[in-house]
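A.B. asks: The structure that follows is given in the form of structure tokens.
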Amino acid sequence: MLFIYKHAFIPYFMFDKHMFVDSLVRAFNSLFMHGGFFHILGNMWFLWIFGDNVEDKMGHVNYLFFYIIGGLVSIFTQGLVAPHSHIPLIGASGAISAVMGAYLMFFPKARILTLVIIFFFLTFLRIPAWFFIVTWFFIQYFNGILWMGSASMGGVAWFAHIGGFIFGAILGKIFIAKQRL
């Protein structure tokens with residue numbers, strides 16, 4: 001736990017002029033830290049579903065910069081929403097949210113194989129990716145609103161997800177527009 005407090009981004013220090021550079025380094029570090037096996041497993045699962053297609057569309061180098069900048073934007077978004085928080089932010093969820101935003105712009109008609117529970121039965125269905133992603137976004141949004149101002153945000157940086165997603169969607173649109181030129 002001491003390692004996390006020493007190296008992860010802490011919103012409270014974001015506006016401290018003596019901690020500005022340190023906050024940037026900590027924000028970058030936070031993208032590669034996770035809260036446990038299931039945290040990293042969930043992130044890798046979403047990255048596996050959406051990331052390779054976005055990387056194919058952008059190219060390897062552009063994707064790398066997009067991913068890192070999307071993660072930083074997401075971390076700073078959460079920091080702006082909760083600037084007095086001393087809770088460290090860790091994980092790549094915000095960067096992956098940016099990937100999901102770009103995916104929605106690049107592949108609006110794609111379908112993804114999804115495990116669905118119907119009463120007591122489990123089945124796989126191919127559902128529109130836009131439906132899955134938009135539903136996911138509204139879950140992030142409503143949870144963010146529900147937990148806003150709470151001392152305990154349930155361990156999830158909801159606004160990091162929202163900020164990353166919006167960044168990814170905007171950059172995805174810009175990328176599409178530039179390709180058309």
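Here's how to read the names in the structure tokens: chain A, B, ... by the order shown, residue numbers from 1 in each chain, ligand numbers from 1 in the order shown.
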Which residues are close to segment 171-175 of chain A, i.e. within 7 Å by only C-alpha atoms, leaving aside same-chain residues fewer than 2 positions away? Reply as a PyMOL selection string.
C.D. replies: chain A and resi 102+105-106+167-169+177-179
A.B. asks: Would you output that residue set with N, CA and C atoms, as an mmCIF file, in the first residue's frame?
C.D. replies:
```
data_model
loop_
_atom_site.group_PDB
_atom_site.id
_atom_site.type_symbol
_atom_site.label_atom_id
_atom_site.label_comp_id
_atom_site.auth_asym_id
_atom_site.auth_seq_id
_atom_site.Cartn_x
_atom_site.Cartn_y
_atom_site.Cartn_z
ATOM 1 N N ALA A 102 -13.300 5.644 -29.015
ATOM 2 C CA ALA A 102 -12.830 5.611 -30.402
ATOM 3 C C ALA A 102 -13.464 4.449 -31.161
ATOM 4 N N MET A 105 -16.824 5.284 -32.465
ATOM 5 C CA MET A 105 -16.780 6.155 -33.650
ATOM 6 C C MET A 105 -16.326 5.391 -34.891
ATOM 7 N N PHE A 106 -15.351 4.511 -34.735
ATOM 8 C CA PHE A 106 -14.778 3.784 -35.876
ATOM 9 C C PHE A 106 -15.676 2.656 -36.378
ATOM 10 N N PHE A 167 -12.936 11.760 -24.449
ATOM 11 C CA PHE A 167 -11.693 12.043 -25.179
ATOM 12 C C PHE A 167 -11.553 11.103 -26.376
ATOM 13 N N GLY A 168 -11.765 9.810 -26.156
ATOM 14 C CA GLY A 168 -11.627 8.823 -27.234
ATOM 15 C C GLY A 168 -12.625 9.038 -28.352
ATOM 16 N N ALA A 169 -13.870 9.367 -27.988
ATOM 17 C CA ALA A 169 -14.901 9.599 -29.008
ATOM 18 C C ALA A 169 -14.560 10.835 -29.838
ATOM 19 N N ALA A 177 -12.374 12.222 -39.662
ATOM 20 C CA ALA A 177 -12.440 13.412 -40.527
ATOM 21 C C ALA A 177 -11.122 13.618 -41.264
ATOM 22 N N LYS A 178 -9.997 13.413 -40.596
ATOM 23 C CA LYS A 178 -8.692 13.574 -41.251
ATOM 24 C C LYS A 178 -8.454 12.508 -42.317
ATOM 25 N N GLN A 179 -8.962 11.306 -42.095
ATOM 26 C CA GLN A 179 -8.816 10.249 -43.094
ATOM 27 C C GLN A 179 -9.586 10.555 -44.361
#
```
A.B. asks: Quick check for you: according to DSSP on this backbone, which residues of segment 12-165 of chain A are classed as strand (DSSP E)? Reply as a ChimeraX atom specification.
C.D. replies: /A:111-118,121-128
A.B. asks: Grab the residues selected above and save them as an mmCIF file, in the first residue's frame with C-alpha atoms.
C.D. replies:
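Dumped everything to part.cif:
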```cif
data_model
loop_
_atom_site.group_PDB
_atom_site.id
_atom_site.type_symbol
_atom_site.label_atom_id
_atom_site.label_comp_id
_atom_site.auth_asym_id
_atom_site.auth_seq_id
_atom_site.Cartn_x
_atom_site.Cartn_y
_atom_site.Cartn_z
ATOM 1 C CA ARG A 111 -21.463 -6.555 -33.262
ATOM 2 C CA ILE A 112 -19.798 -8.175 -30.277
ATOM 3 C CA LEU A 113 -20.308 -11.614 -28.790
ATOM 4 C CA THR A 114 -21.744 -11.079 -25.309
ATOM 5 C CA LEU A 115 -22.691 -13.420 -22.482
ATOM 6 C CA VAL A 116 -26.335 -12.694 -21.618
ATOM 7 C CA ILE A 117 -28.305 -13.985 -18.641
ATOM 8 C CA ILE A 118 -31.961 -14.671 -19.414
ATOM 9 C CA PHE A 121 -30.077 -19.434 -18.516
ATOM 10 C CA LEU A 122 -26.756 -18.260 -19.876
ATOM 11 C CA THR A 123 -26.386 -17.722 -23.595
ATOM 12 C CA PHE A 124 -24.134 -15.876 -26.007
ATOM 13 C CA LEU A 125 -25.614 -13.268 -28.315
ATOM 14 C CA ARG A 126 -24.081 -10.963 -30.875
ATOM 15 C CA ILE A 127 -25.292 -7.534 -29.869
ATOM 16 C CA PRO A 128 -24.545 -4.191 -31.500
#
```
A.B. asks: Mind pulling up the distance from atom CA of Val73 of chain A to atom CA of Phe107 of chain A?
C.D. replies: 22.6 Å
A.B. asks: So that I can check the secondary structure, give me every residue of segment 111-169 of chain A assigned helix (DSSP H, G or I) by backbone DSSP, as an MDAnalysis selection string.
C.D. replies: chainID A and resid 129:147 158:169
A.B. asks: Produce a file of the selected residues containing N, CA and C atoms, as a compact mmCIF listing (two decimals), in the first residue's frame.
C.D. replies:
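Full text of part-v8.txt as output:
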```txt
# COMPACT_ATOMS: atom_id res chain seq x y z
N ALA A 129 -22.34 -3.36 -30.95
CA ALA A 129 -21.32 -2.78 -30.08
C ALA A 129 -21.77 -1.43 -29.54
N TRP A 130 -22.46 -0.65 -30.37
CA TRP A 130 -22.90 0.67 -29.91
C TRP A 130 -23.81 0.53 -28.70
N PHE A 131 -24.67 -0.49 -28.69
CA PHE A 131 -25.60 -0.70 -27.57
C PHE A 131 -24.82 -1.04 -26.30
N PHE A 132 -23.86 -1.95 -26.44
CA PHE A 132 -23.04 -2.35 -25.31
C PHE A 132 -22.27 -1.15 -24.75
N ILE A 133 -21.61 -0.40 -25.63
CA ILE A 133 -20.77 0.72 -25.20
C ILE A 133 -21.60 1.86 -24.63
N VAL A 134 -22.70 2.20 -25.26
CA VAL A 134 -23.54 3.30 -24.75
C VAL A 134 -24.14 2.91 -23.40
N THR A 135 -24.57 1.66 -23.26
CA THR A 135 -25.08 1.19 -21.96
C THR A 135 -23.99 1.29 -20.91
N TRP A 136 -22.80 0.81 -21.25
CA TRP A 136 -21.66 0.91 -20.33
C TRP A 136 -21.41 2.36 -19.94
N PHE A 137 -21.44 3.29 -20.91
CA PHE A 137 -21.19 4.70 -20.62
C PHE A 137 -22.23 5.25 -19.64
N PHE A 138 -23.49 4.94 -19.86
CA PHE A 138 -24.52 5.47 -18.96
C PHE A 138 -24.41 4.88 -17.56
N ILE A 139 -23.95 3.65 -17.45
CA ILE A 139 -23.69 3.07 -16.12
C ILE A 139 -22.59 3.88 -15.43
N GLN A 140 -21.54 4.23 -16.16
CA GLN A 140 -20.46 5.05 -15.59
C GLN A 140 -21.00 6.41 -15.15
N TYR A 141 -21.78 7.01 -16.03
CA TYR A 141 -22.32 8.35 -15.77
C TYR A 141 -23.22 8.36 -14.53
N PHE A 142 -24.17 7.44 -14.49
CA PHE A 142 -25.11 7.44 -13.36
C PHE A 142 -24.43 7.06 -12.06
N ASN A 143 -23.46 6.15 -12.10
CA ASN A 143 -22.71 5.84 -10.89
C ASN A 143 -21.87 7.03 -10.46
N GLY A 144 -21.29 7.75 -11.41
CA GLY A 144 -20.53 8.95 -11.08
C GLY A 144 -21.40 9.99 -10.41
N ILE A 145 -22.59 10.22 -10.94
CA ILE A 145 -23.51 11.19 -10.34
C ILE A 145 -23.96 10.71 -8.96
N LEU A 146 -24.26 9.42 -8.84
CA LEU A 146 -24.71 8.85 -7.57
C LEU A 146 -23.66 9.00 -6.48
N TRP A 147 -22.39 8.77 -6.82
CA TRP A 147 -21.32 8.80 -5.84
C TRP A 147 -20.66 10.16 -5.70
N TRP A 158 -15.21 6.85 -11.43
CA TRP A 158 -16.23 6.91 -12.48
C TRP A 158 -15.96 8.01 -13.50
N PHE A 159 -15.52 9.16 -13.04
CA PHE A 159 -15.31 10.28 -13.95
C PHE A 159 -14.04 10.11 -14.78
N ALA A 160 -13.12 9.28 -14.33
CA ALA A 160 -11.98 8.93 -15.18
C ALA A 160 -12.48 8.15 -16.39
N HIS A 161 -13.41 7.25 -16.17
CA HIS A 161 -14.00 6.49 -17.27
C HIS A 161 -14.72 7.43 -18.24
N ILE A 162 -15.51 8.33 -17.69
CA ILE A 162 -16.28 9.27 -18.51
C ILE A 162 -15.35 10.17 -19.30
N GLY A 163 -14.35 10.75 -18.64
CA GLY A 163 -13.40 11.63 -19.32
C GLY A 163 -12.63 10.92 -20.40
N GLY A 164 -12.17 9.71 -20.13
CA GLY A 164 -11.46 8.94 -21.13
C GLY A 164 -12.33 8.62 -22.33
N PHE A 165 -13.56 8.22 -22.06
CA PHE A 165 -14.49 7.87 -23.13
C PHE A 165 -14.76 9.07 -24.05
N ILE A 166 -15.05 10.21 -23.45
CA ILE A 166 -15.35 11.41 -24.25
C ILE A 166 -14.12 11.81 -25.07
N PHE A 167 -12.94 11.76 -24.45
CA PHE A 167 -11.69 12.04 -25.18
C PHE A 167 -11.55 11.10 -26.38
N GLY A 168 -11.76 9.81 -26.16
CA GLY A 168 -11.63 8.82 -27.23
C GLY A 168 -12.63 9.04 -28.35
N ALA A 169 -13.87 9.37 -27.99
CA ALA A 169 -14.90 9.60 -29.01
C ALA A 169 -14.56 10.84 -29.84
```
A.B. asks: Of the candidates A:Ile4, A:Ile170, A:Ile176, A:Leu47, which shows the shortest atom-to-atom distance to His86 of chain A, using only C-alpha atoms?
C.D. replies: A:Ile4
A.B. asks: Mind pulling up the distance from atom CA of Ile10 of chain A to atom CA of His84 of chain A?
C.D. replies: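 Separation of atom CA of His84 of chain A and atom CA of Ile10 of chain A: 9.1 Å.
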A.B. asks: I'd like the neighbourhood of Leu24 of chain A as a ChimeraX atom specification, where a residue qualifies if any of its atoms comes within 10 Å (using only C-alpha atoms), though same-chain residues fewer than 4 positions away should be ignored.
C.D. replies: /A:9,14,19-20,28-30,72,76
A.B. asks: Between A:Gly91, A:Gly101, A:Pro11, A:Pro83, which one has atoms that come closest to Gly42 of chain A, using only C-alpha atoms?
C.D. replies: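 For Gly42 of chain A, the nearest of the given residues is A:Gly91.
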A.B. asks: Nearest to Arg26 of chain A among A:Met44, A:Val61, A:Ile69, A:Ile90, with distances taken over only C-alpha atoms: which residue is it?
C.D. replies: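 Among the listed residues, the smallest separation from Arg26 of chain A belongs to A:Ile90.
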A.B. asks: What gap, in Å, lies between atom CA of Val54 of chain A and atom CA of Pro88 of chain A?
C.D. replies: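 Between these atoms lies a distance of 28.7 Å.
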A.B. asks: Mind checking which residues fall within 10 Å of Phe46 of chain A, counting only C-alpha atoms, ignoring those fewer than 2 positions away in the same chain, and posting them as a list in words?
C.D. replies: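 In the requested form, the answer reads Leu41, Gly42, Asn43, Met44, Trp48, Ile49, Phe50, Gly51, Ser93, Ile96, Ser97, Val99 and Met100 of chain A.
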A.B. asks: For the selection just defined, write its residues with C-alpha atoms to a file, as an mmCIF file, in the first residue's frame.
C.D. replies:
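Result went into again-v3.cif, see below:
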```cif
data_model
loop_
_atom_site.group_PDB
_atom_site.id
_atom_site.type_symbol
_atom_site.label_atom_id
_atom_site.label_comp_id
_atom_site.auth_asym_id
_atom_site.auth_seq_id
_atom_site.Cartn_x
_atom_site.Cartn_y
_atom_site.Cartn_z
ATOM 1 C CA LEU A 41 -8.101 -9.062 -15.798
ATOM 2 C CA GLY A 42 -11.165 -6.856 -16.426
ATOM 3 C CA ASN A 43 -9.057 -4.176 -18.069
ATOM 4 C CA MET A 44 -7.268 -6.697 -20.287
ATOM 5 C CA TRP A 48 -8.735 -7.412 -25.963
ATOM 6 C CA ILE A 49 -12.299 -6.860 -27.222
ATOM 7 C CA PHE A 50 -11.905 -3.264 -28.408
ATOM 8 C CA GLY A 51 -8.214 -2.386 -28.530
ATOM 9 C CA SER A 93 -9.578 1.860 -17.079
ATOM 10 C CA ILE A 96 -9.393 1.722 -22.074
ATOM 11 C CA SER A 97 -12.472 3.944 -21.875
ATOM 12 C CA VAL A 99 -10.315 3.122 -26.654
ATOM 13 C CA MET A 100 -14.021 2.311 -26.267
#
```
A.B. asks: For Phe32 of chain A, which of A:Ala82, A:Met58, A:Ala98, A:Ile68 is the closest residue, counting only C-alpha atoms?
C.D. replies: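 Nearest candidate to Phe32 of chain A out of A:Ala82, A:Met58, A:Ala98, A:Ile68: A:Ile68.
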